[in-house]
Amino acid sequence: MAAEGAFARWAYSTGLRLVAPLYLGKLWWRGREEPAYRSAWAERFATGGDGDGRQGRIWVHAVSLGETRASEPLLQALRRLAPGCGLLLTHGTATGREAGAALLQPGDAQVWLPYDTPGAVRRFLRQHKPAVGVLMETEIWPNLLDAARAAGVPMVLANARLSERSLAKGERLRALMRPAVASFARVLAQTDDDARRLEEGGAPAVQVMGNLKFDVSPNPALVERGRAWRAALARPVVLAASTREGEEELLLEAWRRLEAPRPLLLLVPRHPQRFDAVAQRVVAAGLSCARRSGWGEGPPADAAAADVWLGDSIGEMPLYYAAADAALLGGSFAPLGGQNLIEAAACGCPLVMGPHTFNFEQAAEMSLAAGAALRATDMADGVAQAVAMALDPARSERVQAALAFSARHRGAAERMARTIVELLPPA
């Protein structure tokens, strides 16, 4: 088994080296619309010198925007329990890095996570010498974990989740993934089902801690502004939250078939690089579109008559949830596993989910049981249910159910932080 694992990692590393030029080309291409991808290239291969010389930080890797937002309460808890330790934040996407920059304090550092080649990850660990490393949710990098083990850096998989689909995929790559998973010092799972699957996948020291996203409090200023937007409108609002490619076409087709007068559709694509394309699709569907990026604190008077508001901004989801009477959960109407449904509950916005929520399976089932969400069979059914929910005189009951569901599951950040701090070396 050891020889098989060594060969699998050699083949994996060789493949990564061969496709490195394509990887760099992809970053350059994405940098056309998101310039941050063209910044700090040396960090992608950890060739940027010796870091800032500080050692012993708690290193947290949050690859993208969702993981970075979820990490915020964990970072706050780590600062309380290990004051003065300092944090090192790493990311893989431009939106994650931008959100992470707002969380930094004096003494912290932020870099790109390097490409998972043996040399790059060894250089990264030599440069920064973290005391402990925390990977968020599903980030399992074989060479990084092997290098951390060799360097004596204990690694934690925090807010860990694993779907049946991902477990099956991991079994197909068993020789590569099992040694990586087995090298974690702690695995802090969101749910009992996640814990069972992670243990089946070879994870040691698995503990059920809950979901960090329940501990994320929506920005109260954004929530207040969203409610003010809603109060100024004379018609209901249905939000399509964090939609993915392929979903907007289904949504707009179903929306056009609604009888007039329609509610206002507030459409927020998941990825910023798709904002312009989605705006074009709205217009091509024969619907008028007002874009959030075109106004300041609030919409102009003529926006109230638009068929669709396009939420083409970053970091304003609490505003959009607070402005809506009901929401459709993006990523759940295509076989993509859904998006974070907990933020909607924290903002008091009842949801309609599609059939595909395997990335948040237990949270989805709990929200259904709590009355904070409904399940639709497809997009047309989802639109019909969301419109009915927005018009329902008893909607306030679902609002209270959503808020209660969110409040009931808090506390994961403190539990995870205590476990992570236990792995720090003695002072």
# chains A, B, ... in the order shown; residues from 1 in each chain; ligands from 1

call {"tool": "select_by_dssp", "arguments": {"residues": "region 40-93 of chain A", "states": "strand (DSSP E)", "output": "count of residues only"}}
result
9

call {"tool": "residues_around", "arguments": {"residues": "region 38-44 of chain A", "least_positions_apart": "2", "cutoff": "7 Å", "atoms": "only C-alpha atoms", "output": "PDB file with C-alpha atoms, in the first residue's frame"}}
result
ATOM      1  CA  LEU A  27      -5.014  32.659 -14.062  1.00  0.00           C
ATOM      2  CA  TRP A  28      -4.004  35.230 -16.681  1.00  0.00           C
ATOM      3  CA  GLY A  31      -7.366  38.215 -14.591  1.00  0.00           C
ATOM      4  CA  PRO A  35      -7.268  41.667 -11.867  1.00  0.00           C
ATOM      5  CA  ALA A  36      -6.311  40.141  -8.511  1.00  0.00           C
ATOM      6  CA  ALA A  46       6.195  30.143  -3.131  1.00  0.00           C
ATOM      7  CA  THR A  47       9.204  31.697  -4.852  1.00  0.00           C
ATOM      8  CA  GLY A  48       8.761  35.142  -3.313  1.00  0.00           C
ATOM      9  CA  VAL A 111      -0.804  35.099   0.565  1.00  0.00           C
ATOM     10  CA  TRP A 112      -2.043  32.814  -2.191  1.00  0.00           C
ATOM     11  CA  LEU A 113      -1.915  29.123  -1.371  1.00  0.00           C
ATOM     12  CA  PRO A 114       0.832  27.737  -3.614  1.00  0.00           C
ATOM     13  CA  TYR A 115       0.267  25.211  -6.357  1.00  0.00           C
TER      14      TYR A 115
END

call {"tool": "closest_atom_pairs", "arguments": {"of": "region 174-249 of chain A", "to": "region 391-398 of chain A", "cutoff": "12 Å", "atoms": "only C-alpha atoms", "output": "CSV"}}
result
residue,atom,partner,partner_atom,distance
A:Arg235,CA,A:Leu391,CA,9.5
A:Pro236,CA,A:Leu391,CA,7.0
A:Val237,CA,A:Leu391,CA,9.4
A:Val238,CA,A:Leu391,CA,10.0

call {"tool": "closest_residue", "arguments": {"among": "A:Ala254, A:Leu424, A:Leu310, A:Ala413", "to": "Asp378 (chain A)", "atoms": "only C-alpha atoms"}}
result
A:Ala254

call {"tool": "select_by_dssp", "arguments": {"residues": "region 123-157 of chain A", "states": "alpha helix (DSSP H)", "output": "ChimeraX atom specification"}}
result
/A:123-128,142-151

call {"tool": "residues_around", "arguments": {"residues": "Gly298 (chain A)", "least_positions_apart": "3", "cutoff": "10 Å", "atoms": "only C-alpha atoms", "output": "PyMOL selection string"}}
result
chain A and resi 225-226+228-229+292+294-295+301+303
